[in-house]
>>> print(open('my_file_10.txt').read())   # compact mmCIF, C-alpha atoms and all ligand atoms
# COMPACT_ATOMS: atom_id res chain seq x y z
CA MET N 210 73.16 85.57 101.35
CA ASN N 211 74.85 86.41 104.57
CA MET N 212 74.96 90.16 105.32
CA THR N 213 78.01 91.43 107.20
CA PHE N 214 79.50 94.72 108.37
CA ARG N 215 83.17 95.67 108.60
CA TRP N 216 84.30 96.80 112.03
CA TYR N 217 87.75 97.92 113.18
CA GLY N 218 87.64 97.00 116.86
CA LYS N 219 86.64 98.32 120.27
CA ASP N 220 89.07 101.21 120.59
CA ASN N 221 89.63 101.63 116.91
CA ASP N 222 86.25 102.50 115.37
CA SER N 223 83.73 105.31 115.77
CA VAL N 224 80.97 102.72 115.40
CA SER N 225 80.00 100.37 118.25
CA LEU N 226 78.71 96.81 117.93
CA LYS N 227 75.62 97.91 119.82
CA GLU N 228 74.88 100.32 116.98
CA VAL N 229 75.58 97.74 114.29
CA LYS N 230 73.13 95.43 116.04
CA GLN N 231 70.37 97.94 115.30
CA ILE N 232 70.83 97.62 111.52
CA PRO N 233 68.36 95.01 110.29
CA GLY N 234 69.71 91.85 108.72
CA VAL N 235 73.37 91.97 109.77
CA LYS N 236 74.56 88.51 110.74
CA GLY N 237 78.29 88.84 111.00
CA ILE N 238 81.17 91.20 111.64
CA VAL N 239 84.06 91.34 109.19
CA TRP N 240 87.06 91.79 111.44
CA ALA N 241 90.84 91.81 111.73
CA LEU N 242 93.52 92.38 114.33
CA HIS N 243 94.20 95.84 112.97
CA LYS N 244 96.97 96.60 115.41
CA LYS N 245 99.13 93.70 114.26
CA GLY N 246 102.10 94.51 112.08
CA VAL N 247 102.06 93.06 108.58
CA GLY N 248 103.68 89.62 108.61
CA GLU N 249 103.23 88.93 112.34
CA ILE N 250 101.49 85.78 113.53
CA TRP N 251 97.98 86.27 114.90
CA ASN N 252 98.16 84.24 118.08
CA ARG N 253 95.47 81.84 119.23
CA ASP N 254 94.59 83.70 122.41
CA GLU N 255 94.38 87.09 120.68
CA VAL N 256 92.13 85.68 117.98
CA GLU N 257 89.98 83.89 120.55
CA SER N 258 89.37 86.86 122.77
CA TYR N 259 88.61 89.13 119.82
CA THR N 260 86.09 86.75 118.29
CA TYR N 261 84.44 85.96 121.63
CA TYR N 262 83.87 89.65 122.16
CA ILE N 263 82.20 90.04 118.76
CA GLN N 264 80.19 86.85 119.22
CA SER N 265 78.91 88.11 122.58
CA TYR N 266 76.82 90.57 120.53
CA GLY N 267 75.28 87.70 118.57
CA PHE N 268 77.37 88.18 115.43
CA HIS N 269 79.37 85.51 113.63
CA THR N 270 83.06 86.05 112.92
CA ASP N 271 83.36 83.92 109.76
CA VAL N 272 85.11 86.55 107.63
CA VAL N 273 88.48 88.19 108.23
CA GLU N 274 89.55 91.23 106.22
CA SER N 275 92.47 91.34 105.86
CA VAL N 276 95.42 89.23 106.78
CA ASN N 277 97.83 91.46 104.90
CA VAL N 278 100.61 89.98 102.81
CA HIS N 279 104.13 91.12 103.66
CA GLU N 280 105.89 93.15 100.97
CA SER N 281 108.73 90.56 100.85
CA ILE N 282 106.21 87.97 99.63
CA LYS N 283 104.91 90.27 96.89
CA LEU N 284 108.47 91.13 95.90
CA GLY N 285 109.68 87.52 96.08
CA LEU N 286 112.57 88.35 98.45
CA PRO N 287 114.50 85.58 100.23
CA ASP N 288 113.00 86.38 103.64
CA ARG N 289 109.51 85.69 102.27
CA SER N 290 109.78 82.14 103.67
CA VAL N 291 109.58 83.50 107.24
CA PHE N 292 106.47 85.52 106.44
CA ILE N 293 104.84 82.66 104.55
CA GLU N 294 105.36 80.36 107.54
CA ASN N 295 103.82 83.03 109.78
CA TYR N 296 100.89 83.35 107.40
CA LYS N 297 100.29 79.60 107.57
CA LYS N 298 100.25 79.72 111.37
CA THR N 299 97.79 82.59 111.26
CA ILE N 300 95.53 80.57 108.95
CA GLU N 301 95.65 77.67 111.43
CA ASN N 302 94.85 79.94 114.35
CA LEU N 303 91.95 81.48 112.47
CA ALA N 304 90.66 78.02 111.57
CA ASN N 305 90.70 77.23 115.25
CA VAL N 306 87.98 79.83 115.88
CA GLY N 307 85.94 78.75 112.85
CA VAL N 308 86.90 81.42 110.31
CA LYS N 309 85.63 80.51 106.82
CA VAL N 310 86.94 83.28 104.56
CA ILE N 311 90.16 85.30 104.59
CA CYS N 312 90.15 88.35 102.34
CA TYR N 313 93.63 89.48 101.28
CA ASN N 314 95.19 91.49 98.50
CA PHE N 315 98.33 91.49 96.43
CA MET N 316 98.61 95.22 95.73
CA PRO N 317 102.12 96.66 95.74
CA ILE N 318 102.85 99.08 98.64
CA PHE N 319 99.52 100.87 98.80
CA ASP N 320 96.27 99.13 99.49
CA TRP N 321 93.37 101.08 97.90
CA THR N 322 94.26 104.59 96.79
CA ARG N 323 92.25 107.80 96.94
CA THR N 324 93.29 111.44 96.62
CA ASP N 325 90.57 112.99 98.83
CA LEU N 326 89.02 111.44 101.88
CA TYR N 327 86.33 114.08 102.39
CA HIS N 328 85.39 115.39 98.97
CA PRO N 329 82.30 117.62 99.20
CA MET N 330 79.20 116.32 97.42
CA GLN N 331 76.32 118.45 96.18
CA ASP N 332 74.00 117.21 98.93
CA GLY N 333 76.33 118.49 101.67
CA SER N 334 77.84 115.11 102.51
CA THR N 335 81.46 114.17 101.84
CA ALA N 336 82.90 111.09 100.19
CA LEU N 337 86.09 109.39 99.08
CA PHE N 338 87.37 110.61 95.75
CA TYR N 339 89.97 109.39 93.28
CA ASN N 340 91.21 112.27 91.17
CA HIS N 341 93.15 110.85 88.25
CA GLU N 342 94.76 114.18 87.37
CA ILE N 343 96.10 114.65 90.88
CA ILE N 344 97.57 111.14 90.84
CA ASN N 345 99.25 111.88 87.53
CA SER N 346 100.67 115.16 88.73
CA MET N 347 102.02 114.05 92.13
CA ASN N 348 104.80 111.85 93.31
CA PRO N 349 103.94 109.16 95.88
CA ASP N 350 105.39 111.17 98.77
CA GLU N 351 103.14 114.10 98.00
CA LEU N 352 100.10 111.85 97.81
CA VAL N 353 100.95 110.22 101.13
CA LYS N 354 101.28 113.64 102.75
CA ARG N 355 97.98 114.78 101.25
CA VAL N 356 96.09 111.70 102.39
CA THR N 357 97.61 111.10 105.81
CA THR N 358 97.30 114.68 107.01
CA SER N 359 93.61 114.92 106.22
CA SER N 360 92.51 112.43 108.90
CA ASP N 361 93.79 110.94 112.15
CA LEU N 362 92.26 107.66 111.11
CA THR N 363 94.37 105.87 108.55
CA LEU N 364 92.97 104.06 105.56
CA PRO N 365 93.27 100.32 105.98
CA GLY N 366 96.56 99.28 104.40
CA TRP N 367 98.11 102.72 104.94
CA GLU N 368 99.67 101.92 108.27
CA PRO N 369 102.39 104.39 109.32
CA GLU N 370 105.15 101.78 109.54
CA LYS N 371 104.70 101.02 105.85
CA ILE N 372 104.08 104.55 104.71
CA ASN N 373 107.28 105.70 106.45
CA ARG N 374 109.30 103.34 104.28
CA ILE N 375 107.73 104.49 101.04
CA LYS N 376 110.95 105.52 99.24
CA GLU N 377 112.74 102.30 100.09
CA LEU N 378 109.73 100.25 98.94
CA PHE N 379 109.42 102.07 95.63
CA LYS N 380 113.10 101.35 94.98
CA LYS N 381 112.44 97.65 95.52
CA TYR N 382 109.57 97.63 93.04
CA GLU N 383 111.62 99.36 90.34
CA ASN N 384 112.43 96.16 88.50
CA ILE N 385 109.33 94.17 89.36
CA SER N 386 107.05 93.49 86.41
CA GLU N 387 103.49 92.18 86.31
CA GLU N 388 104.89 88.77 85.38
CA ASP N 389 107.10 88.83 88.49
CA MET N 390 104.06 89.66 90.60
CA TRP N 391 102.13 86.74 89.08
CA ALA N 392 105.04 84.42 89.79
CA ASN N 393 105.24 85.65 93.39
CA LEU N 394 101.49 85.29 93.87
CA GLY N 395 101.67 81.79 92.39
CA TYR N 396 104.42 80.82 94.81
CA PHE N 397 102.55 82.26 97.79
CA LEU N 398 99.38 80.40 96.83
CA SER N 399 101.21 77.12 96.25
CA GLU N 400 102.44 77.40 99.84
CA ILE N 401 99.31 78.53 101.65
CA LEU N 402 96.42 76.95 99.72
CA PRO N 403 97.07 73.42 101.02
CA VAL N 404 96.88 74.76 104.58
CA ALA N 405 93.74 76.77 103.86
CA GLU N 406 92.12 73.82 102.09
CA LYS N 407 92.88 71.47 104.96
CA HIS N 408 91.01 73.85 107.26
CA ASN N 409 88.14 74.65 104.85
CA ILE N 410 89.15 78.27 104.63
CA LYS N 411 88.62 80.22 101.43
CA MET N 412 91.41 82.63 100.49
CA ALA N 413 89.59 85.45 98.68
CA ILE N 414 91.85 87.90 96.87
CA HIS N 415 90.66 91.49 96.65
CA PRO N 416 91.07 93.21 93.26
CA ASP N 417 93.51 96.08 92.86
CA ASP N 418 91.91 99.43 93.61
CA PRO N 419 92.00 101.30 91.28
CA PRO N 420 92.38 98.51 88.72
CA TRP N 421 95.22 100.14 86.79
CA LYS N 422 98.86 101.10 87.22
CA ILE N 423 99.62 104.08 89.43
CA PHE N 424 103.08 105.51 89.97
CA GLY N 425 104.39 102.76 87.67
CA LEU N 426 103.58 100.01 90.19
CA PRO N 427 102.50 96.67 88.69
CA LYS N 428 98.81 95.73 89.17
CA ILE N 429 97.60 92.24 88.41
CA ILE N 430 94.05 91.68 89.67
CA ILE N 431 92.25 94.12 87.42
CA ASN N 432 89.81 92.43 85.01
CA GLU N 433 88.27 89.19 83.81
CA GLU N 434 91.51 88.00 82.29
CA SER N 435 93.18 88.32 85.70
CA ILE N 436 90.36 86.39 87.35
CA LYS N 437 90.76 83.60 84.82
CA ARG N 438 94.52 83.56 85.31
CA LEU N 439 94.15 83.47 89.09
CA LEU N 440 91.75 80.55 88.91
CA LYS N 441 94.15 78.72 86.62
CA ILE N 442 96.94 78.92 89.20
CA SER N 443 95.13 76.36 91.29
CA ASP N 444 91.79 74.60 91.17
CA SER N 445 91.77 74.32 94.94
CA PRO N 446 88.33 75.23 96.36
CA SER N 447 90.27 77.61 98.60
CA ASN N 448 91.52 79.72 95.68
CA CYS N 449 88.84 82.42 95.53
CA ILE N 450 87.97 86.05 94.89
CA THR N 451 86.57 88.90 96.95
CA PHE N 452 84.30 90.40 94.32
CA CYS N 453 84.45 94.16 94.78
CA THR N 454 82.09 96.11 92.51
CA GLY N 455 83.68 99.47 93.32
CA SER N 456 87.22 98.32 92.55
CA LEU N 457 86.75 96.26 89.39
CA GLY N 458 83.89 98.51 88.29
CA ALA N 459 86.13 101.60 88.12
CA ASN N 460 87.24 100.28 84.73
CA SER N 461 84.27 100.64 82.36
CA ASN N 462 85.42 97.62 80.35
CA ASN N 463 84.57 95.45 83.37
CA ASP N 464 80.86 94.69 83.23
CA MET N 465 79.90 94.20 86.86
CA VAL N 466 76.58 92.47 86.20
CA LYS N 467 78.06 89.97 83.77
CA LEU N 468 81.18 89.30 85.83
CA SER N 469 79.42 89.00 89.16
CA ALA N 470 76.97 86.47 87.66
CA LYS N 471 79.80 84.49 86.11
CA TYR N 472 82.20 84.49 89.06
CA ALA N 473 79.86 84.43 92.05
CA LYS N 474 80.60 80.74 92.51
CA HIS N 475 84.29 81.58 92.98
CA SER N 476 83.56 84.57 95.21
CA PRO N 477 82.64 83.67 98.79
CA PHE N 478 82.67 87.37 99.68
CA PHE N 479 81.16 90.40 97.89
CA HIS N 480 81.97 94.05 98.55
CA ILE N 481 79.10 96.05 97.11
CA ARG N 482 79.71 99.72 96.47
CA ASN N 483 78.72 102.29 93.89
CA ILE N 484 80.95 104.91 92.28
CA LYS N 485 80.33 107.68 89.80
CA LYS N 486 82.92 107.59 87.06
CA TYR N 487 84.17 110.57 85.08
CA ASP N 488 85.58 110.43 81.55
CA ASN N 489 89.11 111.29 82.67
CA GLY N 490 89.42 108.22 84.94
CA SER N 491 88.45 109.96 88.19
CA PHE N 492 85.63 108.58 90.33
CA ILE N 493 83.69 109.52 93.46
CA GLU N 494 82.16 107.06 95.91
CA THR N 495 78.40 107.66 95.96
CA SER N 496 75.60 106.13 97.99
CA HIS N 497 74.78 102.52 97.13
CA TYR N 498 71.64 103.61 95.26
CA THR N 499 72.01 102.53 91.60
CA GLN N 500 70.85 105.85 90.16
CA ASP N 501 73.48 107.79 92.13
CA GLY N 502 76.47 106.15 90.45
CA SER N 503 77.75 104.33 87.39
CA ILE N 504 77.57 100.74 88.66
CA GLU N 505 74.42 98.67 88.16
CA ILE N 506 74.08 97.67 91.79
CA ASP N 507 70.50 96.52 91.18
CA GLY N 508 71.68 94.26 88.33
CA VAL N 509 74.44 92.75 90.48
CA VAL N 510 72.09 91.96 93.36
CA LYS N 511 69.53 90.56 90.92
CA GLU N 512 72.10 88.09 89.59
CA LEU N 513 73.09 87.07 93.11
CA ALA N 514 69.47 86.64 94.17
CA LYS N 515 68.76 84.58 91.04
CA GLN N 516 71.59 82.23 92.01
CA ASP N 517 70.46 82.26 95.64
CA TYR N 518 74.04 83.26 96.46
CA ALA N 519 74.94 81.79 99.83
CA GLY N 520 78.18 83.73 100.45
CA TYR N 521 78.96 86.81 102.53
CA ILE N 522 78.15 90.34 101.40
CA ARG N 523 79.09 93.62 102.95
CA PRO N 524 78.14 97.15 102.00
CA ASP N 525 81.42 98.76 101.08
CA HIS N 526 82.33 102.37 101.76
CA GLY N 527 79.67 104.95 102.35
CA ARG N 528 79.56 108.73 102.28
CA HIS N 529 79.93 110.72 105.49
CA ILE N 530 76.42 111.97 106.27
CA TRP N 531 74.30 113.44 109.08
CA ASN N 532 77.35 115.04 110.76
CA GLU N 533 79.02 111.71 111.41
CA GLU N 534 82.83 111.80 111.70
CA PRO N 535 83.86 108.22 111.11
CA ARG N 536 86.84 106.47 109.57
CA PRO N 537 86.94 107.58 105.95
CA GLY N 538 84.28 105.53 104.14
CA TYR N 539 83.40 103.45 107.17
CA GLY N 540 80.63 105.30 108.95
CA LEU N 541 77.49 103.82 110.42
CA TYR N 542 74.79 105.79 108.64
CA ASP N 543 75.49 105.50 104.95
CA ARG N 544 76.54 101.88 105.23
CA GLY N 545 73.34 101.23 107.18
CA LEU N 546 71.35 102.82 104.35
CA GLY N 547 73.37 100.72 101.90
CA ILE N 548 72.43 97.54 103.74
CA MET N 549 68.74 98.41 103.64
CA TYR N 550 68.96 99.06 99.90
CA LEU N 551 70.79 95.76 99.26
CA LEU N 552 68.35 93.79 101.40
CA GLY N 553 65.41 95.46 99.66
CA LEU N 554 66.78 94.58 96.22
CA TRP N 555 67.46 91.03 97.35
CA ASP N 556 63.95 90.48 98.66
CA ALA N 557 62.40 92.04 95.57
CA PHE N 558 64.46 89.89 93.20
CA LYS N 559 64.58 86.59 94.99
CA TYR N 560 61.05 85.69 93.90
CA VAL N 561 61.42 86.92 90.31
C1 LIG N 601 88.96 99.19 101.35
C2 LIG N 601 89.08 97.75 101.34
C3 LIG N 601 90.48 97.25 101.16
C4 LIG N 601 90.48 95.78 101.44
C5 LIG N 601 91.81 95.13 101.22
C6 LIG N 601 91.68 93.64 101.30
O1 LIG N 601 88.10 99.68 101.97
O2 LIG N 601 88.21 97.18 100.43
O3 LIG N 601 91.30 97.91 102.04
O4 LIG N 601 90.13 95.58 102.78
O5 LIG N 601 92.35 95.47 100.02
O6 LIG N 601 92.92 93.07 101.52
>>> encode(input="my_file_10.txt", output="C-alpha cells")
Amino acid sequence: MNMTFRWYGKDNDSVSLKEVKQIPGVKGIVWALHKKGVGEIWNRDEVESYTYYIQSYGFHTDVVESVNVHESIKLGLPDRSVFIENYKKTIENLANVGVKVICYNFMPIFDWTRTDLYHPMQDGSTALFYNHEIINSMNPDELVKRVTTSSDLTLPGWEPEKINRIKELFKKYENISEEDMWANLGYFLSEILPVAEKHNIKMAIHPDDPPWKIFGLPKIIINEESIKRLLKISDSPSNCITFCTGSLGANSNNDMVKLSAKYAKHSPFFHIRNIKKYDNGSFIETSHYTQDGSIEIDGVVKELAKQDYAGYIRPDHGRHIWNEEPRPGYGLYDRGLGIMYLLGLWDAFKYV
C-alpha cells in the first residue's frame, strides 16, 4: 500500500508540504494544476516544475486528481473532439513526468455535492454535511449560493467559471439520459484509453457523489452494476476505478467491504472516508474511526491488507478540528489522524 495525501498547491492550500512531511507514512502527494481551466492542455513545463517542487520534499507525484473532463465530452457535443485531443496531450505530458494514475470523474455539472461545509458536530468540530431535504427543497442556483458564500475556498470541481454558467448547463442536460452518458463515456474512453495504455497510465474513474440523481441530473457510476458495466466497456488495463468508500458507501445497498475486496484489483487508487448515514438519505462526514460512522473502514482495510494491496490510498475528507481553518474537508489534522488510523489497521491486519 502506498499512502498519499491530497494537496492543492503552494499558494492554494492552508497546508504546507513541510507539515505533510511530519505525518508518518506518507509517500506521495496527490496533485493537480488546480488553476487550469477545464479542457485546457497541461503543458510539459508547467507539469515539470510542479512535480519537481513536490519531489524536492521527498514525495512521489504518481497520482493526479483530477484532470477534469470538459462538459462537452460528457454531453457528447460536436466540439468534444477538441477537448478529447487536449486530454490526450495532457496524458502524454503527465506520462513524461512519470504519472501512473489519473483520477477523473464523469459527474454532470457538479463534482461532489454537499449542502453544508461547516456543519457543527457534537464534539465542537465541524464537518461536511449532505442534507437530503435541503437538496430536495432547493433549486440548483440556491444551492450554489448557499455553498459558495460559506467559504472563500471553493470545493474542487466547483470552479467559478463553471458555476457561473449553471443555468445554461442545466438546459443542456435537459434531454440527456443515463444511456446518453454511458455512450459519451464509452466514446471518451475509446479515444483516450489507447493513449493511457501506451504510457502505462491508469485512468481511474471516481464514483458519483452522492451516488444518486440530484436535480434530475443523470448519474452513472453509482453501484456494483455500474462498475461491471464500466469494466465491460474496455478490458484495457488502463480502464480503472478510484474506489471511494464515502461516495459509493452513501448508498446502504453498496457493501463497502465486499465491493472493495472484489474490485481492489481494478482500483489503483482508494479514497478512504467514513460517513454517518441517516434514514432520510442525509449523511455527515465523520472522523475515519469505524465506530464514528456507518462505513466499516476496519473491514475495508482488512480486505486490502489481506490482498497486500499495492495501490495508492489517501485519507479522504476530514472534519475541521483544533481551530484549523482549512479548505472544506481538506485540513491537516483530521486527515493526519485518519492516516494514523489507516496505517494502524493495516499493520494490525497484514499479519492476520
Ligand atoms: C472530493 C473528491 C472529488 C474528486 C473528483 C475526482 O473531495 O473526492 O472532488 O477529486 O470527483 O475527479
>>> residues_near_point(input="my_file_10.txt", point="(72.3, 86.1, 94.5)", cutoff="9 Å", atoms="only C-alpha atoms", output="PDB file with C-alpha atoms, in the coordinates of the input")
ATOM      1  CA  MET N 210      73.160  85.570 101.350  1.00  0.00           C
ATOM      2  CA  ALA N 470      76.970  86.470  87.660  1.00  0.00           C
ATOM      3  CA  ALA N 473      79.860  84.430  92.050  1.00  0.00           C
ATOM      4  CA  VAL N 509      74.440  92.750  90.480  1.00  0.00           C
ATOM      5  CA  VAL N 510      72.090  91.960  93.360  1.00  0.00           C
ATOM      6  CA  LYS N 511      69.530  90.560  90.920  1.00  0.00           C
ATOM      7  CA  GLU N 512      72.100  88.090  89.590  1.00  0.00           C
ATOM      8  CA  LEU N 513      73.090  87.070  93.110  1.00  0.00           C
ATOM      9  CA  ALA N 514      69.470  86.640  94.170  1.00  0.00           C
ATOM     10  CA  LYS N 515      68.760  84.580  91.040  1.00  0.00           C
ATOM     11  CA  GLN N 516      71.590  82.230  92.010  1.00  0.00           C
ATOM     12  CA  ASP N 517      70.460  82.260  95.640  1.00  0.00           C
ATOM     13  CA  TYR N 518      74.040  83.260  96.460  1.00  0.00           C
ATOM     14  CA  ALA N 519      74.940  81.790  99.830  1.00  0.00           C
ATOM     15  CA  GLY N 520      78.180  83.730 100.450  1.00  0.00           C
ATOM     16  CA  TRP N 555      67.460  91.030  97.350  1.00  0.00           C
ATOM     17  CA  PHE N 558      64.460  89.890  93.200  1.00  0.00           C
ATOM     18  CA  LYS N 559      64.580  86.590  94.990  1.00  0.00           C
TER      19      LYS N 559
END
>>> closest_residue(input="my_file_10.txt", among="N:Leu457, N:Ile375, N:Leu541, N:Leu439", to="ligand LIG 601 (chain N)", atoms="only C-alpha atoms and all ligand atoms")
N:Leu457
>>> axis_aligned_box(input="my_file_10.txt", around="ligand LIG 601 (chain N)", padding_each_side="4 Å", output="lines of an AutoDock Vina configuration file")
center_x = 90.5
center_y = 96.4
center_z = 101.4
size_x = 12.8
size_y = 14.6
size_z = 10.8
>>> closest_residue(input="my_file_10.txt", among="N:Gln264, N:Asn348, N:Asn448, N:Asn460", to="Ser491 in chain N", atoms="only C-alpha atoms")
N:Asn460
>>> residues_near_ligand(input="my_file_10.txt", ligand="ligand LIG 601 (chain N)", cutoff="9 Å", atoms="all atoms listed in the file", output="NGL selection string")
:N and (274-278 or 311-316 or 320-322 or 364-367 or 413-418 or 451 or 453 or 455-456 or 480 or 525-526 or 537-539)
>>> atom_distance(input="my_file_10.txt", atom1="CA of Val239 in chain N", atom2="CA of Tyr550 in chain N")
19.3 Å
>>> closest_residue(input="my_file_10.txt", among="N:Ile385, N:Leu286, N:Ile300, N:Ile504", to="Ile250 in chain N", atoms="all atoms listed in the file")
N:Ile300
>>> atom_distance(input="my_file_10.txt", atom1="CA of Ser469 in chain N", atom2="CA of Phe452 in chain N")
7.2 Å
>>> atom_distance(input="my_file_10.txt", atom1="CA of Tyr266 in chain N", atom2="CA of Leu226 in chain N")
7.0 Å
>>> residues_near_point(input="my_file_10.txt", point="(102.8, 81.3, 106.5)", cutoff="10 Å", atoms="all atoms listed in the file", output="ChimeraX atom specification")
/N:248-250,278,289-301,397,400-401,404
>>> write_last_selection(input="my_file_10.txt", atoms="C-alpha atoms", output="compact mmCIF listing (two decimals), keeping the file's coordinate frame")
# COMPACT_ATOMS: atom_id res chain seq x y z
CA GLY N 248 103.68 89.62 108.61
CA GLU N 249 103.23 88.93 112.34
CA ILE N 250 101.49 85.78 113.53
CA VAL N 278 100.61 89.98 102.81
CA ARG N 289 109.51 85.69 102.27
CA SER N 290 109.78 82.14 103.67
CA VAL N 291 109.58 83.50 107.24
CA PHE N 292 106.47 85.52 106.44
CA ILE N 293 104.84 82.66 104.55
CA GLU N 294 105.36 80.36 107.54
CA ASN N 295 103.82 83.03 109.78
CA TYR N 296 100.89 83.35 107.40
CA LYS N 297 100.29 79.60 107.57
CA LYS N 298 100.25 79.72 111.37
CA THR N 299 97.79 82.59 111.26
CA ILE N 300 95.53 80.57 108.95
CA GLU N 301 95.65 77.67 111.43
CA PHE N 397 102.55 82.26 97.79
CA GLU N 400 102.44 77.40 99.84
CA ILE N 401 99.31 78.53 101.65
CA VAL N 404 96.88 74.76 104.58
>>> residues_around(input="my_file_10.txt", residues="Ile429 in chain N", least_positions_apart="3", cutoff="10 Å", atoms="only C-alpha atoms", output="JSON, numbers by chain")
{"N": [315, 316, 317, 386, 387, 388, 390, 391, 394, 416, 417, 420, 421, 422, 426, 432, 434, 435, 436, 438, 439]}
>>> write_last_selection(input="my_file_10.txt", atoms="C-alpha atoms", output="compact mmCIF listing (two decimals), in the frame of the given file")
# COMPACT_ATOMS: atom_id res chain seq x y z
CA PHE N 315 98.33 91.49 96.43
CA MET N 316 98.61 95.22 95.73
CA PRO N 317 102.12 96.66 95.74
CA SER N 386 107.05 93.49 86.41
CA GLU N 387 103.49 92.18 86.31
CA GLU N 388 104.89 88.77 85.38
CA MET N 390 104.06 89.66 90.60
CA TRP N 391 102.13 86.74 89.08
CA LEU N 394 101.49 85.29 93.87
CA PRO N 416 91.07 93.21 93.26
CA ASP N 417 93.51 96.08 92.86
CA PRO N 420 92.38 98.51 88.72
CA TRP N 421 95.22 100.14 86.79
CA LYS N 422 98.86 101.10 87.22
CA LEU N 426 103.58 100.01 90.19
CA ASN N 432 89.81 92.43 85.01
CA GLU N 434 91.51 88.00 82.29
CA SER N 435 93.18 88.32 85.70
CA ILE N 436 90.36 86.39 87.35
CA ARG N 438 94.52 83.56 85.31
CA LEU N 439 94.15 83.47 89.09
>>> closest_residue(input="my_file_10.txt", among="N:Asp350, N:Asp288, N:Glu280, N:Asp389", to="Lys371 in chain N", atoms="only C-alpha atoms")
N:Glu280
>>> closest_residue(input="my_file_10.txt", among="N:Arg215, N:Lys428, N:Lys230, N:Lys244", to="Glu368 in chain N", atoms="only C-alpha atoms")
N:Lys244
>>> closest_residue(input="my_file_10.txt", among="N:Asn373, N:Ser445, N:Thr260, N:Ser334", to="Leu402 in chain N", atoms="all atoms listed in the file")
N:Ser445
>>> residues_around(input="my_file_10.txt", residues="Phe492 in chain N", least_positions_apart="5", cutoff="12 Å", atoms="only C-alpha atoms", output="MDAnalysis selection string")
chainID N and resid 322:325 328 336:342 418:419 455:456 458:461 483:487 502:504
>>> decode(input="my_file_10.txt", residues="range 387-403 of chain N", atoms="N, CA and C atoms", output="PDB file, in the first residue's frame")
ATOM      1  N   GLU N 387     -29.291   8.688 -18.765  1.00  0.00           N
ATOM      2  CA  GLU N 387     -28.171   7.869 -18.291  1.00  0.00           C
ATOM      3  C   GLU N 387     -27.530   7.129 -19.472  1.00  0.00           C
ATOM      4  N   GLU N 388     -28.378   6.614 -20.362  1.00  0.00           N
ATOM      5  CA  GLU N 388     -27.832   5.883 -21.519  1.00  0.00           C
ATOM      6  C   GLU N 388     -26.955   6.797 -22.370  1.00  0.00           C
ATOM      7  N   ASP N 389     -27.380   8.049 -22.534  1.00  0.00           N
ATOM      8  CA  ASP N 389     -26.541   9.003 -23.301  1.00  0.00           C
ATOM      9  C   ASP N 389     -25.189   9.184 -22.607  1.00  0.00           C
ATOM     10  N   MET N 390     -25.244   9.297 -21.282  1.00  0.00           N
ATOM     11  CA  MET N 390     -23.991   9.498 -20.533  1.00  0.00           C
ATOM     12  C   MET N 390     -23.072   8.289 -20.712  1.00  0.00           C
ATOM     13  N   TRP N 391     -23.652   7.090 -20.663  1.00  0.00           N
ATOM     14  CA  TRP N 391     -22.831   5.886 -20.873  1.00  0.00           C
ATOM     15  C   TRP N 391     -22.214   5.898 -22.263  1.00  0.00           C
ATOM     16  N   ALA N 392     -23.004   6.297 -23.248  1.00  0.00           N
ATOM     17  CA  ALA N 392     -22.480   6.322 -24.620  1.00  0.00           C
ATOM     18  C   ALA N 392     -21.344   7.343 -24.711  1.00  0.00           C
ATOM     19  N   ASN N 393     -21.521   8.483 -24.062  1.00  0.00           N
ATOM     20  CA  ASN N 393     -20.488   9.528 -24.133  1.00  0.00           C
ATOM     21  C   ASN N 393     -19.221   9.124 -23.367  1.00  0.00           C
ATOM     22  N   LEU N 394     -19.421   8.418 -22.251  1.00  0.00           N
ATOM     23  CA  LEU N 394     -18.259   7.914 -21.518  1.00  0.00           C
ATOM     24  C   LEU N 394     -17.540   6.861 -22.370  1.00  0.00           C
ATOM     25  N   GLY N 395     -18.323   5.997 -23.001  1.00  0.00           N
ATOM     26  CA  GLY N 395     -17.739   4.950 -23.849  1.00  0.00           C
ATOM     27  C   GLY N 395     -16.903   5.558 -24.967  1.00  0.00           C
ATOM     28  N   TYR N 396     -17.430   6.607 -25.573  1.00  0.00           N
ATOM     29  CA  TYR N 396     -16.700   7.252 -26.673  1.00  0.00           C
ATOM     30  C   TYR N 396     -15.391   7.875 -26.156  1.00  0.00           C
ATOM     31  N   PHE N 397     -15.512   8.574 -25.044  1.00  0.00           N
ATOM     32  CA  PHE N 397     -14.334   9.216 -24.439  1.00  0.00           C
ATOM     33  C   PHE N 397     -13.257   8.164 -24.141  1.00  0.00           C
ATOM     34  N   LEU N 398     -13.682   7.063 -23.533  1.00  0.00           N
ATOM     35  CA  LEU N 398     -12.706   6.025 -23.173  1.00  0.00           C
ATOM     36  C   LEU N 398     -12.092   5.386 -24.418  1.00  0.00           C
ATOM     37  N   SER N 399     -12.913   5.188 -25.464  1.00  0.00           N
ATOM     38  CA  SER N 399     -12.359   4.548 -26.663  1.00  0.00           C
ATOM     39  C   SER N 399     -11.266   5.438 -27.279  1.00  0.00           C
ATOM     40  N   GLU N 400     -11.384   6.730 -27.048  1.00  0.00           N
ATOM     41  CA  GLU N 400     -10.379   7.664 -27.572  1.00  0.00           C
ATOM     42  C   GLU N 400      -9.128   7.731 -26.687  1.00  0.00           C
ATOM     43  N   ILE N 401      -9.343   7.805 -25.382  1.00  0.00           N
ATOM     44  CA  ILE N 401      -8.166   8.087 -24.526  1.00  0.00           C
ATOM     45  C   ILE N 401      -7.454   6.841 -23.994  1.00  0.00           C
ATOM     46  N   LEU N 402      -8.184   5.723 -23.865  1.00  0.00           N
ATOM     47  CA  LEU N 402      -7.526   4.553 -23.255  1.00  0.00           C
ATOM     48  C   LEU N 402      -6.295   4.073 -24.035  1.00  0.00           C
ATOM     49  N   PRO N 403      -6.342   4.057 -25.373  1.00  0.00           N
ATOM     50  CA  PRO N 403      -5.126   3.628 -26.076  1.00  0.00           C
ATOM     51  C   PRO N 403      -3.909   4.505 -25.732  1.00  0.00           C
TER      52      PRO N 403
END
